[in-house]
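Content type compact mmCIF, N, CA and C atoms, from the file run-v6.txt:
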# COMPACT_ATOMS: atom_id res chain seq x y z
N MET S 1 18.36 -78.79 -9.85
CA MET S 1 19.77 -78.75 -9.45
C MET S 1 19.91 -79.62 -8.20
N ASN S 2 20.85 -80.53 -8.23
CA ASN S 2 21.03 -81.38 -7.06
C ASN S 2 21.87 -80.68 -6.00
N LYS S 3 21.94 -81.30 -4.84
CA LYS S 3 22.64 -80.71 -3.70
C LYS S 3 24.11 -80.44 -4.00
N ARG S 4 24.78 -81.36 -4.69
CA ARG S 4 26.22 -81.19 -5.00
C ARG S 4 26.45 -79.96 -5.88
N ASN S 5 25.64 -79.80 -6.91
CA ASN S 5 25.80 -78.63 -7.78
C ASN S 5 25.52 -77.34 -7.03
N GLY S 6 24.57 -77.38 -6.11
CA GLY S 6 24.28 -76.20 -5.29
C GLY S 6 25.46 -75.82 -4.41
N ILE S 7 26.11 -76.80 -3.82
CA ILE S 7 27.27 -76.54 -2.97
C ILE S 7 28.42 -76.00 -3.80
N ILE S 8 28.66 -76.61 -4.95
CA ILE S 8 29.74 -76.14 -5.82
C ILE S 8 29.46 -74.71 -6.26
N GLY S 9 28.23 -74.42 -6.62
CA GLY S 9 27.87 -73.06 -7.02
C GLY S 9 28.08 -72.06 -5.89
N LEU S 10 27.73 -72.45 -4.68
CA LEU S 10 27.92 -71.59 -3.51
C LEU S 10 29.41 -71.32 -3.27
N ILE S 11 30.22 -72.36 -3.38
CA ILE S 11 31.67 -72.20 -3.20
C ILE S 11 32.23 -71.24 -4.25
N ILE S 12 31.82 -71.42 -5.49
CA ILE S 12 32.31 -70.54 -6.56
C ILE S 12 31.89 -69.10 -6.29
N ALA S 13 30.65 -68.90 -5.87
CA ALA S 13 30.16 -67.54 -5.59
C ALA S 13 30.94 -66.90 -4.44
N ILE S 14 31.17 -67.65 -3.37
CA ILE S 14 31.90 -67.11 -2.22
C ILE S 14 33.33 -66.75 -2.61
N VAL S 15 33.98 -67.65 -3.34
CA VAL S 15 35.36 -67.37 -3.75
C VAL S 15 35.41 -66.15 -4.66
N ALA S 16 34.44 -66.03 -5.56
CA ALA S 16 34.41 -64.86 -6.45
C ALA S 16 34.23 -63.58 -5.66
N ILE S 17 33.33 -63.61 -4.69
CA ILE S 17 33.10 -62.42 -3.86
C ILE S 17 34.35 -62.06 -3.08
N VAL S 18 35.00 -63.07 -2.50
CA VAL S 18 36.22 -62.81 -1.73
C VAL S 18 37.31 -62.27 -2.65
N ALA S 19 37.45 -62.85 -3.83
CA ALA S 19 38.48 -62.39 -4.76
C ALA S 19 38.27 -60.93 -5.14
N VAL S 20 37.03 -60.56 -5.39
CA VAL S 20 36.74 -59.17 -5.73
C VAL S 20 36.93 -58.28 -4.51
N ALA S 21 36.47 -58.76 -3.35
CA ALA S 21 36.55 -57.95 -2.13
C ALA S 21 37.98 -57.64 -1.71
N ILE S 22 38.89 -58.57 -1.93
CA ILE S 22 40.28 -58.31 -1.52
C ILE S 22 41.06 -57.63 -2.63
N GLY S 23 40.39 -57.33 -3.74
CA GLY S 23 41.05 -56.58 -4.81
C GLY S 23 42.19 -57.35 -5.43
N VAL S 24 41.89 -58.51 -5.99
CA VAL S 24 42.92 -59.37 -6.57
C VAL S 24 43.82 -58.55 -7.48
N ASN S 25 45.13 -58.67 -7.23
CA ASN S 25 46.11 -57.90 -7.98
C ASN S 25 47.01 -58.87 -8.71
N ALA S 26 46.84 -58.94 -10.00
CA ALA S 26 47.62 -59.90 -10.80
C ALA S 26 48.82 -59.26 -11.48
N THR S 27 49.39 -58.25 -10.86
CA THR S 27 50.53 -57.59 -11.50
C THR S 27 51.85 -58.03 -10.92
N LYS S 28 51.86 -59.07 -10.13
CA LYS S 28 53.09 -59.53 -9.50
C LYS S 28 53.97 -60.24 -10.51
N GLY S 29 55.24 -60.48 -10.15
CA GLY S 29 56.23 -61.09 -11.03
C GLY S 29 55.79 -62.37 -11.67
N ASN S 30 55.18 -62.29 -12.78
CA ASN S 30 54.57 -63.39 -13.49
C ASN S 30 55.34 -63.63 -14.78
N SER S 31 55.91 -64.80 -14.97
CA SER S 31 56.73 -65.02 -16.16
C SER S 31 55.91 -64.99 -17.44
N GLN S 32 54.60 -65.27 -17.36
CA GLN S 32 53.77 -65.26 -18.56
C GLN S 32 53.12 -63.90 -18.79
N SER S 33 53.38 -62.93 -17.98
CA SER S 33 52.74 -61.64 -18.15
C SER S 33 53.78 -60.54 -18.26
N ASP S 34 53.36 -59.42 -18.82
CA ASP S 34 54.25 -58.28 -18.87
C ASP S 34 54.08 -57.46 -17.59
N GLN S 35 54.65 -56.27 -17.52
CA GLN S 35 54.61 -55.46 -16.31
C GLN S 35 53.20 -55.04 -15.93
N SER S 36 52.25 -55.03 -16.87
CA SER S 36 50.90 -54.59 -16.55
C SER S 36 50.03 -55.71 -16.01
N GLY S 37 50.55 -56.95 -15.89
CA GLY S 37 49.77 -58.07 -15.36
C GLY S 37 48.84 -58.67 -16.39
N THR S 38 49.17 -58.56 -17.65
CA THR S 38 48.36 -59.14 -18.70
C THR S 38 49.19 -60.14 -19.49
N SER S 39 48.51 -61.12 -20.05
CA SER S 39 49.21 -62.10 -20.88
C SER S 39 49.49 -61.50 -22.24
N GLN S 40 50.19 -62.24 -23.06
CA GLN S 40 50.50 -61.76 -24.40
C GLN S 40 49.23 -61.56 -25.21
N SER S 41 48.15 -62.28 -24.85
CA SER S 41 46.87 -62.13 -25.55
C SER S 41 46.08 -60.93 -25.04
N GLY S 42 46.60 -60.25 -24.01
CA GLY S 42 45.92 -59.08 -23.46
C GLY S 42 45.01 -59.39 -22.29
N GLN S 43 44.88 -60.65 -21.91
CA GLN S 43 44.02 -61.03 -20.80
C GLN S 43 44.77 -60.88 -19.48
N LYS S 44 44.07 -60.45 -18.42
CA LYS S 44 44.67 -60.34 -17.09
C LYS S 44 45.07 -61.74 -16.62
N VAL S 45 46.19 -61.81 -15.90
CA VAL S 45 46.71 -63.09 -15.42
C VAL S 45 46.69 -63.10 -13.89
N ILE S 46 46.26 -64.22 -13.32
CA ILE S 46 46.31 -64.40 -11.87
C ILE S 46 47.11 -65.67 -11.59
N THR S 47 47.98 -65.60 -10.60
CA THR S 47 48.82 -66.74 -10.25
C THR S 47 48.22 -67.45 -9.04
N VAL S 48 47.91 -68.73 -9.21
CA VAL S 48 47.24 -69.53 -8.19
C VAL S 48 48.23 -70.55 -7.65
N GLY S 49 48.43 -70.53 -6.34
CA GLY S 49 49.31 -71.50 -5.70
C GLY S 49 48.52 -72.73 -5.27
N THR S 50 49.10 -73.90 -5.47
CA THR S 50 48.49 -75.15 -5.04
C THR S 50 49.59 -76.18 -4.83
N GLU S 51 49.28 -77.20 -4.07
CA GLU S 51 50.29 -78.21 -3.77
C GLU S 51 50.44 -79.23 -4.90
N GLY S 52 49.35 -79.61 -5.51
CA GLY S 52 49.42 -80.54 -6.63
C GLY S 52 49.69 -81.98 -6.27
N THR S 53 49.47 -82.34 -5.00
CA THR S 53 49.74 -83.72 -4.57
C THR S 53 48.58 -84.36 -3.81
N TYR S 54 47.42 -83.71 -3.78
CA TYR S 54 46.34 -84.17 -2.91
C TYR S 54 45.07 -84.44 -3.72
N ALA S 55 44.99 -85.65 -4.29
CA ALA S 55 43.80 -86.04 -5.04
C ALA S 55 42.62 -86.22 -4.08
N PRO S 56 41.45 -85.87 -4.46
CA PRO S 56 40.98 -85.41 -5.77
C PRO S 56 40.96 -83.88 -5.90
N PHE S 57 41.63 -83.17 -5.03
CA PHE S 57 41.53 -81.71 -5.02
C PHE S 57 42.53 -81.03 -5.95
N SER S 58 43.78 -81.42 -5.91
CA SER S 58 44.82 -80.80 -6.73
C SER S 58 45.94 -81.82 -6.90
N TYR S 59 46.06 -82.36 -8.10
CA TYR S 59 47.07 -83.39 -8.34
C TYR S 59 47.40 -83.45 -9.83
N PHE S 60 48.48 -84.13 -10.16
CA PHE S 60 48.89 -84.29 -11.55
C PHE S 60 48.39 -85.64 -12.05
N ASN S 61 47.72 -85.63 -13.21
CA ASN S 61 47.21 -86.87 -13.78
C ASN S 61 48.32 -87.60 -14.54
N GLU S 62 47.94 -88.69 -15.22
CA GLU S 62 48.93 -89.50 -15.94
C GLU S 62 49.58 -88.76 -17.10
N LYS S 63 48.96 -87.65 -17.55
CA LYS S 63 49.54 -86.82 -18.62
C LYS S 63 50.34 -85.65 -18.04
N ASN S 64 50.58 -85.67 -16.73
CA ASN S 64 51.31 -84.62 -16.02
C ASN S 64 50.61 -83.27 -16.10
N GLU S 65 49.26 -83.29 -16.12
CA GLU S 65 48.45 -82.08 -16.12
C GLU S 65 47.89 -81.87 -14.72
N LEU S 66 47.90 -80.65 -14.27
CA LEU S 66 47.34 -80.32 -12.96
C LEU S 66 45.82 -80.35 -13.08
N VAL S 67 45.18 -81.20 -12.28
CA VAL S 67 43.73 -81.39 -12.34
C VAL S 67 43.19 -81.49 -10.92
N GLY S 68 41.88 -81.53 -10.79
CA GLY S 68 41.23 -81.73 -9.51
C GLY S 68 40.21 -80.65 -9.21
N PHE S 69 39.48 -80.84 -8.12
CA PHE S 69 38.41 -79.95 -7.72
C PHE S 69 38.89 -78.51 -7.53
N ASP S 70 39.96 -78.32 -6.77
CA ASP S 70 40.47 -76.97 -6.53
C ASP S 70 40.90 -76.30 -7.83
N VAL S 71 41.50 -77.06 -8.72
CA VAL S 71 41.94 -76.54 -10.02
C VAL S 71 40.73 -76.11 -10.84
N ASP S 72 39.70 -76.96 -10.87
CA ASP S 72 38.49 -76.64 -11.63
C ASP S 72 37.78 -75.40 -11.07
N VAL S 73 37.70 -75.31 -9.75
CA VAL S 73 37.04 -74.15 -9.13
C VAL S 73 37.83 -72.87 -9.43
N ALA S 74 39.14 -72.92 -9.30
CA ALA S 74 39.97 -71.74 -9.59
C ALA S 74 39.77 -71.29 -11.04
N LYS S 75 39.80 -72.23 -11.96
CA LYS S 75 39.61 -71.89 -13.38
C LYS S 75 38.23 -71.28 -13.61
N ALA S 76 37.20 -71.86 -13.00
CA ALA S 76 35.84 -71.36 -13.20
C ALA S 76 35.67 -69.96 -12.62
N VAL S 77 36.15 -69.75 -11.41
CA VAL S 77 36.00 -68.45 -10.74
C VAL S 77 36.72 -67.36 -11.52
N PHE S 78 37.98 -67.58 -11.82
CA PHE S 78 38.76 -66.52 -12.44
C PHE S 78 38.44 -66.33 -13.91
N SER S 79 37.93 -67.36 -14.57
CA SER S 79 37.44 -67.20 -15.93
C SER S 79 36.24 -66.24 -15.93
N LYS S 80 35.35 -66.40 -14.97
CA LYS S 80 34.20 -65.50 -14.85
C LYS S 80 34.63 -64.08 -14.54
N LEU S 81 35.74 -63.92 -13.85
CA LEU S 81 36.24 -62.59 -13.51
C LEU S 81 37.14 -62.01 -14.61
N GLY S 82 37.36 -62.79 -15.69
CA GLY S 82 38.13 -62.29 -16.82
C GLY S 82 39.63 -62.50 -16.72
N TYR S 83 40.06 -63.47 -15.91
CA TYR S 83 41.48 -63.73 -15.74
C TYR S 83 41.91 -65.01 -16.43
N GLN S 84 43.14 -65.01 -16.91
CA GLN S 84 43.82 -66.23 -17.33
C GLN S 84 44.50 -66.77 -16.08
N VAL S 85 44.40 -68.05 -15.81
CA VAL S 85 44.97 -68.63 -14.59
C VAL S 85 46.31 -69.27 -14.89
N LYS S 86 47.29 -68.92 -14.07
CA LYS S 86 48.61 -69.54 -14.11
C LYS S 86 48.79 -70.24 -12.77
N PHE S 87 49.03 -71.54 -12.78
CA PHE S 87 49.20 -72.30 -11.55
C PHE S 87 50.68 -72.43 -11.19
N GLU S 88 50.96 -72.29 -9.92
CA GLU S 88 52.30 -72.52 -9.37
C GLU S 88 52.16 -73.62 -8.32
N ASP S 89 52.68 -74.81 -8.61
CA ASP S 89 52.63 -75.87 -7.61
C ASP S 89 53.88 -75.79 -6.74
N ALA S 90 53.68 -76.09 -5.48
CA ALA S 90 54.78 -76.00 -4.52
C ALA S 90 54.51 -76.96 -3.37
N PRO S 91 55.54 -77.42 -2.69
CA PRO S 91 55.34 -78.24 -1.50
C PRO S 91 54.53 -77.46 -0.46
N TRP S 92 53.89 -78.18 0.43
CA TRP S 92 52.99 -77.60 1.42
C TRP S 92 53.58 -76.37 2.12
N ASP S 93 54.76 -76.50 2.68
CA ASP S 93 55.34 -75.38 3.45
C ASP S 93 55.72 -74.21 2.55
N ALA S 94 56.09 -74.47 1.32
CA ALA S 94 56.48 -73.40 0.40
C ALA S 94 55.27 -72.71 -0.23
N MET S 95 54.15 -73.40 -0.33
CA MET S 95 52.95 -72.85 -0.96
C MET S 95 52.44 -71.62 -0.21
N LEU S 96 52.31 -71.73 1.10
CA LEU S 96 51.84 -70.60 1.90
C LEU S 96 52.91 -69.52 2.01
N ALA S 97 54.17 -69.92 2.02
CA ALA S 97 55.25 -68.94 2.05
C ALA S 97 55.26 -68.11 0.76
N ALA S 98 54.98 -68.76 -0.37
CA ALA S 98 54.92 -68.04 -1.65
C ALA S 98 53.79 -67.02 -1.64
N PHE S 99 52.66 -67.39 -1.05
CA PHE S 99 51.55 -66.45 -0.95
C PHE S 99 51.92 -65.26 -0.06
N ASN S 100 52.52 -65.56 1.08
CA ASN S 100 52.94 -64.49 2.00
C ASN S 100 53.96 -63.57 1.36
N ALA S 101 54.81 -64.12 0.49
CA ALA S 101 55.83 -63.32 -0.19
C ALA S 101 55.29 -62.67 -1.47
N LYS S 102 53.98 -62.81 -1.71
CA LYS S 102 53.31 -62.22 -2.87
C LYS S 102 53.84 -62.78 -4.20
N LYS S 103 54.29 -64.04 -4.17
CA LYS S 103 54.70 -64.70 -5.40
C LYS S 103 53.51 -65.37 -6.08
N THR S 104 52.45 -65.59 -5.32
CA THR S 104 51.17 -66.03 -5.88
C THR S 104 50.11 -65.05 -5.39
N ASP S 105 49.04 -64.93 -6.19
CA ASP S 105 47.97 -64.01 -5.84
C ASP S 105 46.97 -64.62 -4.88
N VAL S 106 46.82 -65.93 -4.95
CA VAL S 106 45.83 -66.65 -4.15
C VAL S 106 46.26 -68.10 -4.05
N VAL S 107 45.76 -68.81 -3.04
CA VAL S 107 46.03 -70.24 -2.87
C VAL S 107 44.71 -70.98 -2.98
N PHE S 108 44.66 -71.95 -3.86
CA PHE S 108 43.52 -72.87 -3.95
C PHE S 108 44.06 -74.24 -3.58
N ASN S 109 43.85 -74.65 -2.36
CA ASN S 109 44.36 -75.92 -1.86
C ASN S 109 43.60 -76.24 -0.59
N GLN S 110 43.52 -77.50 -0.24
CA GLN S 110 42.86 -77.89 0.99
C GLN S 110 43.71 -77.43 2.17
N VAL S 111 43.30 -76.33 2.78
CA VAL S 111 44.02 -75.74 3.91
C VAL S 111 43.03 -75.56 5.05
N GLY S 112 43.30 -76.17 6.18
CA GLY S 112 42.44 -75.99 7.34
C GLY S 112 42.68 -74.65 8.01
N ILE S 113 41.61 -74.08 8.56
CA ILE S 113 41.71 -72.81 9.25
C ILE S 113 42.15 -73.07 10.69
N THR S 114 43.24 -72.42 11.10
CA THR S 114 43.72 -72.50 12.48
C THR S 114 43.92 -71.07 12.99
N PRO S 115 43.94 -70.87 14.29
CA PRO S 115 44.17 -69.52 14.82
C PRO S 115 45.50 -68.93 14.34
N GLU S 116 46.54 -69.76 14.23
CA GLU S 116 47.84 -69.27 13.77
C GLU S 116 47.77 -68.79 12.32
N ARG S 117 47.08 -69.55 11.48
CA ARG S 117 46.96 -69.15 10.07
C ARG S 117 46.09 -67.91 9.93
N GLN S 118 45.08 -67.77 10.76
CA GLN S 118 44.26 -66.57 10.70
C GLN S 118 45.08 -65.31 10.95
N LYS S 119 46.04 -65.41 11.85
CA LYS S 119 46.90 -64.26 12.15
C LYS S 119 47.83 -63.93 10.98
N LYS S 120 48.33 -64.97 10.30
CA LYS S 120 49.31 -64.78 9.24
C LYS S 120 48.68 -64.50 7.88
N LEU S 121 47.50 -65.06 7.64
CA LEU S 121 46.87 -64.97 6.32
C LEU S 121 45.51 -64.27 6.45
N PRO S 122 45.43 -63.02 6.06
CA PRO S 122 44.20 -62.26 6.25
C PRO S 122 42.99 -62.82 5.52
N ILE S 123 43.19 -63.59 4.48
CA ILE S 123 42.04 -64.13 3.75
C ILE S 123 41.22 -65.06 4.63
N TYR S 124 41.87 -65.76 5.57
CA TYR S 124 41.11 -66.64 6.45
C TYR S 124 40.10 -65.82 7.26
N SER S 125 40.50 -64.68 7.72
CA SER S 125 39.59 -63.82 8.47
C SER S 125 38.43 -63.39 7.58
N SER S 126 38.71 -63.09 6.31
CA SER S 126 37.66 -62.70 5.37
C SER S 126 36.68 -63.85 5.15
N LEU S 127 37.21 -65.07 5.01
CA LEU S 127 36.35 -66.21 4.78
C LEU S 127 35.47 -66.52 5.98
N LEU S 128 35.97 -66.27 7.16
CA LEU S 128 35.19 -66.56 8.36
C LEU S 128 34.01 -65.61 8.51
N ILE S 129 34.07 -64.44 7.89
CA ILE S 129 32.96 -63.49 7.95
C ILE S 129 31.73 -64.08 7.27
N PHE S 130 31.95 -64.83 6.18
CA PHE S 130 30.83 -65.42 5.47
C PHE S 130 30.23 -66.50 6.31
Structure re-expressed in structure tokens:
Amino acid sequence: MNKRNGIIGLIIAIVAIVAVAIGVNATKGNSQSDQSGTSQSGQKVITVGTEGTYAPFSYFNEKNELVGFDVDVAKAVFSKLGYQVKFEDAPWDAMLAAFNAKKTDVVFNQVGITPERQKKLPIYSSLLIF
């Protein structure tokens, strides 16, 4: 296994641990899910917020599909946890506001940790423990 695969594996493991530790709750107002937080196929649904404008992490390709590193990691992590992923793209300022308003369950986007964000977003504090 090369160094890159090891780093990606470590990131996936940390995100999975954090997701389980914070008790991911996918029962929020999800248009693709019913009141129990499951899709029509019966699979649990998690809503992931991302900006969708920052290649190579999260962006729309020429087919208007959301792709990139953050998208791939989110799909891999939540697939392992048994979730169907629903992405909500939003402008930078609205993406974090949607998370704070519980319109998304988690944010997968290149977000720097600042003291102000640590106060507003408890997940940053959880990530710093690792």
Checklist entry - What is the distance between atom C of Gly49 (chain S) and CA of Glu62 (chain S), in Å to one decimal? => result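 So the answer is 19.9 Å.
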Item to check | Using only C-alpha atoms: which of S:Asp70, S:Asp105, S:Pro115, S:Ala76 has the shortest distance to Ser58 (chain S) | outcome: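 Checking each of S:Asp70, S:Asp105, S:Pro115, S:Ala76 against Ser58 (chain S), counting only C-alpha atoms, the winner is S:Asp70.
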Next on the checklist: Report, in Å with one decimal, the straight-line distance from atom C of Ala90 (chain S) to CA of Asn109 (chain S).
Outcome noted: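 Atom-to-atom, atom C of Ala90 (chain S) and CA of Asn109 (chain S) are spaced 10.3 Å apart.
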Checklist entry - What is the CA of Ala97 (chain S) to CA of Lys44 (chain S) distance in Å? => result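 One can read the CA of Ala97 (chain S) to CA of Lys44 (chain S) distance as 23.5 Å.
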Select, counting all atoms listed in the file, all protein, DNA and RNA residues no farther than 7 Å from (40.8, -77.2, -4.3) in file coordinates, and express the selection as a PDB file with N, CA and C atoms, keeping the file's coordinate frame.
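Result written to point_6.pdb:
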ATOM      1  N   PRO S  56      41.450 -85.870  -4.460  1.00  0.00           N
ATOM      2  CA  PRO S  56      40.980 -85.410  -5.770  1.00  0.00           C
ATOM      3  C   PRO S  56      40.960 -83.880  -5.900  1.00  0.00           C
ATOM      4  N   PHE S  57      41.630 -83.170  -5.030  1.00  0.00           N
ATOM      5  CA  PHE S  57      41.530 -81.710  -5.020  1.00  0.00           C
ATOM      6  C   PHE S  57      42.530 -81.030  -5.950  1.00  0.00           C
ATOM      7  N   SER S  58      43.780 -81.420  -5.910  1.00  0.00           N
ATOM      8  CA  SER S  58      44.820 -80.800  -6.730  1.00  0.00           C
ATOM      9  C   SER S  58      45.940 -81.820  -6.900  1.00  0.00           C
ATOM     10  N   GLY S  68      41.880 -81.530 -10.790  1.00  0.00           N
ATOM     11  CA  GLY S  68      41.230 -81.730  -9.510  1.00  0.00           C
ATOM     12  C   GLY S  68      40.210 -80.650  -9.210  1.00  0.00           C
ATOM     13  N   PHE S  69      39.480 -80.840  -8.120  1.00  0.00           N
ATOM     14  CA  PHE S  69      38.410 -79.950  -7.720  1.00  0.00           C
ATOM     15  C   PHE S  69      38.890 -78.510  -7.530  1.00  0.00           C
ATOM     16  N   ASP S  70      39.960 -78.320  -6.770  1.00  0.00           N
ATOM     17  CA  ASP S  70      40.470 -76.970  -6.530  1.00  0.00           C
ATOM     18  C   ASP S  70      40.900 -76.300  -7.830  1.00  0.00           C
ATOM     19  N   VAL S  71      41.500 -77.060  -8.720  1.00  0.00           N
ATOM     20  CA  VAL S  71      41.940 -76.540 -10.020  1.00  0.00           C
ATOM     21  C   VAL S  71      40.730 -76.110 -10.840  1.00  0.00           C
ATOM     22  N   ASP S  72      39.700 -76.960 -10.870  1.00  0.00           N
ATOM     23  CA  ASP S  72      38.490 -76.640 -11.630  1.00  0.00           C
ATOM     24  C   ASP S  72      37.780 -75.400 -11.070  1.00  0.00           C
ATOM     25  N   VAL S  73      37.700 -75.310  -9.750  1.00  0.00           N
ATOM     26  CA  VAL S  73      37.040 -74.150  -9.130  1.00  0.00           C
ATOM     27  C   VAL S  73      37.830 -72.870  -9.430  1.00  0.00           C
ATOM     28  N   ALA S  74      39.140 -72.920  -9.300  1.00  0.00           N
ATOM     29  CA  ALA S  74      39.970 -71.740  -9.590  1.00  0.00           C
ATOM     30  C   ALA S  74      39.770 -71.290 -11.040  1.00  0.00           C
ATOM     31  N   PHE S 108      44.660 -71.950  -3.860  1.00  0.00           N
ATOM     32  CA  PHE S 108      43.520 -72.870  -3.950  1.00  0.00           C
ATOM     33  C   PHE S 108      44.060 -74.240  -3.580  1.00  0.00           C
ATOM     34  N   ASN S 109      43.850 -74.650  -2.360  1.00  0.00           N
ATOM     35  CA  ASN S 109      44.360 -75.920  -1.860  1.00  0.00           C
ATOM     36  C   ASN S 109      43.600 -76.240  -0.590  1.00  0.00           C
ATOM     37  N   GLN S 110      43.520 -77.500  -0.240  1.00  0.00           N
ATOM     38  CA  GLN S 110      42.860 -77.890   0.990  1.00  0.00           C
ATOM     39  C   GLN S 110      43.710 -77.430   2.170  1.00  0.00           C
TER      40      GLN S 110
END
Next on the checklist: The residues within 8 Å of (47.4, -70.5, -3.6), using only C-alpha atoms and the coordinates of the file, should be reported as a list in words; which are they?
Outcome noted: Thr47, Val48, Gly49, Thr50, Glu88, Met95, Leu96, Phe99, Thr104, Asp105, Val106, Val107, Phe108 and Asn109 of chain S
Using N, CA and C atoms, can you export the residues from the last selection as a PDB file, in the frame of the given file?
ATOM      1  N   THR S  47      47.980 -65.600 -10.600  1.00  0.00           N
ATOM      2  CA  THR S  47      48.820 -66.740 -10.250  1.00  0.00           C
ATOM      3  C   THR S  47      48.220 -67.450  -9.040  1.00  0.00           C
ATOM      4  N   VAL S  48      47.910 -68.730  -9.210  1.00  0.00           N
ATOM      5  CA  VAL S  48      47.240 -69.530  -8.190  1.00  0.00           C
ATOM      6  C   VAL S  48      48.230 -70.550  -7.650  1.00  0.00           C
ATOM      7  N   GLY S  49      48.430 -70.530  -6.340  1.00  0.00           N
ATOM      8  CA  GLY S  49      49.310 -71.500  -5.700  1.00  0.00           C
ATOM      9  C   GLY S  49      48.520 -72.730  -5.270  1.00  0.00           C
ATOM     10  N   THR S  50      49.100 -73.900  -5.470  1.00  0.00           N
ATOM     11  CA  THR S  50      48.490 -75.150  -5.040  1.00  0.00           C
ATOM     12  C   THR S  50      49.590 -76.180  -4.830  1.00  0.00           C
ATOM     13  N   GLU S  88      50.960 -72.290  -9.920  1.00  0.00           N
ATOM     14  CA  GLU S  88      52.300 -72.520  -9.370  1.00  0.00           C
ATOM     15  C   GLU S  88      52.160 -73.620  -8.320  1.00  0.00           C
ATOM     16  N   MET S  95      54.150 -73.400  -0.330  1.00  0.00           N
ATOM     17  CA  MET S  95      52.950 -72.850  -0.960  1.00  0.00           C
ATOM     18  C   MET S  95      52.440 -71.620  -0.210  1.00  0.00           C
ATOM     19  N   LEU S  96      52.310 -71.730   1.100  1.00  0.00           N
ATOM     20  CA  LEU S  96      51.840 -70.600   1.900  1.00  0.00           C
ATOM     21  C   LEU S  96      52.910 -69.520   2.010  1.00  0.00           C
ATOM     22  N   PHE S  99      52.660 -67.390  -1.050  1.00  0.00           N
ATOM     23  CA  PHE S  99      51.550 -66.450  -0.950  1.00  0.00           C
ATOM     24  C   PHE S  99      51.920 -65.260  -0.060  1.00  0.00           C
ATOM     25  N   THR S 104      52.450 -65.590  -5.320  1.00  0.00           N
ATOM     26  CA  THR S 104      51.170 -66.030  -5.880  1.00  0.00           C
ATOM     27  C   THR S 104      50.110 -65.050  -5.390  1.00  0.00           C
ATOM     28  N   ASP S 105      49.040 -64.930  -6.190  1.00  0.00           N
ATOM     29  CA  ASP S 105      47.970 -64.010  -5.840  1.00  0.00           C
ATOM     30  C   ASP S 105      46.970 -64.620  -4.880  1.00  0.00           C
ATOM     31  N   VAL S 106      46.820 -65.930  -4.950  1.00  0.00           N
ATOM     32  CA  VAL S 106      45.830 -66.650  -4.150  1.00  0.00           C
ATOM     33  C   VAL S 106      46.260 -68.100  -4.050  1.00  0.00           C
ATOM     34  N   VAL S 107      45.760 -68.810  -3.040  1.00  0.00           N
ATOM     35  CA  VAL S 107      46.030 -70.240  -2.870  1.00  0.00           C
ATOM     36  C   VAL S 107      44.710 -70.980  -2.980  1.00  0.00           C
ATOM     37  N   PHE S 108      44.660 -71.950  -3.860  1.00  0.00           N
ATOM     38  CA  PHE S 108      43.520 -72.870  -3.950  1.00  0.00           C
ATOM     39  C   PHE S 108      44.060 -74.240  -3.580  1.00  0.00           C
ATOM     40  N   ASN S 109      43.850 -74.650  -2.360  1.00  0.00           N
ATOM     41  CA  ASN S 109      44.360 -75.920  -1.860  1.00  0.00           C
ATOM     42  C   ASN S 109      43.600 -76.240  -0.590  1.00  0.00           C
TER      43      ASN S 109
END
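Using only C-alpha atoms, the shortest contact distance between Gly42 (chain S) and any of S:Ala94, S:Lys103, S:Asn64, S:Gly82 is found at S:Gly82.
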Item to check | Shortest interatomic distance to Phe78 (chain S) - which of S:Glu116, S:Ile46, S:Tyr54, S:Tyr59, counting only N, CA and C atoms | outcome: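 Smallest separation from Phe78 (chain S) among the options: S:Ile46.
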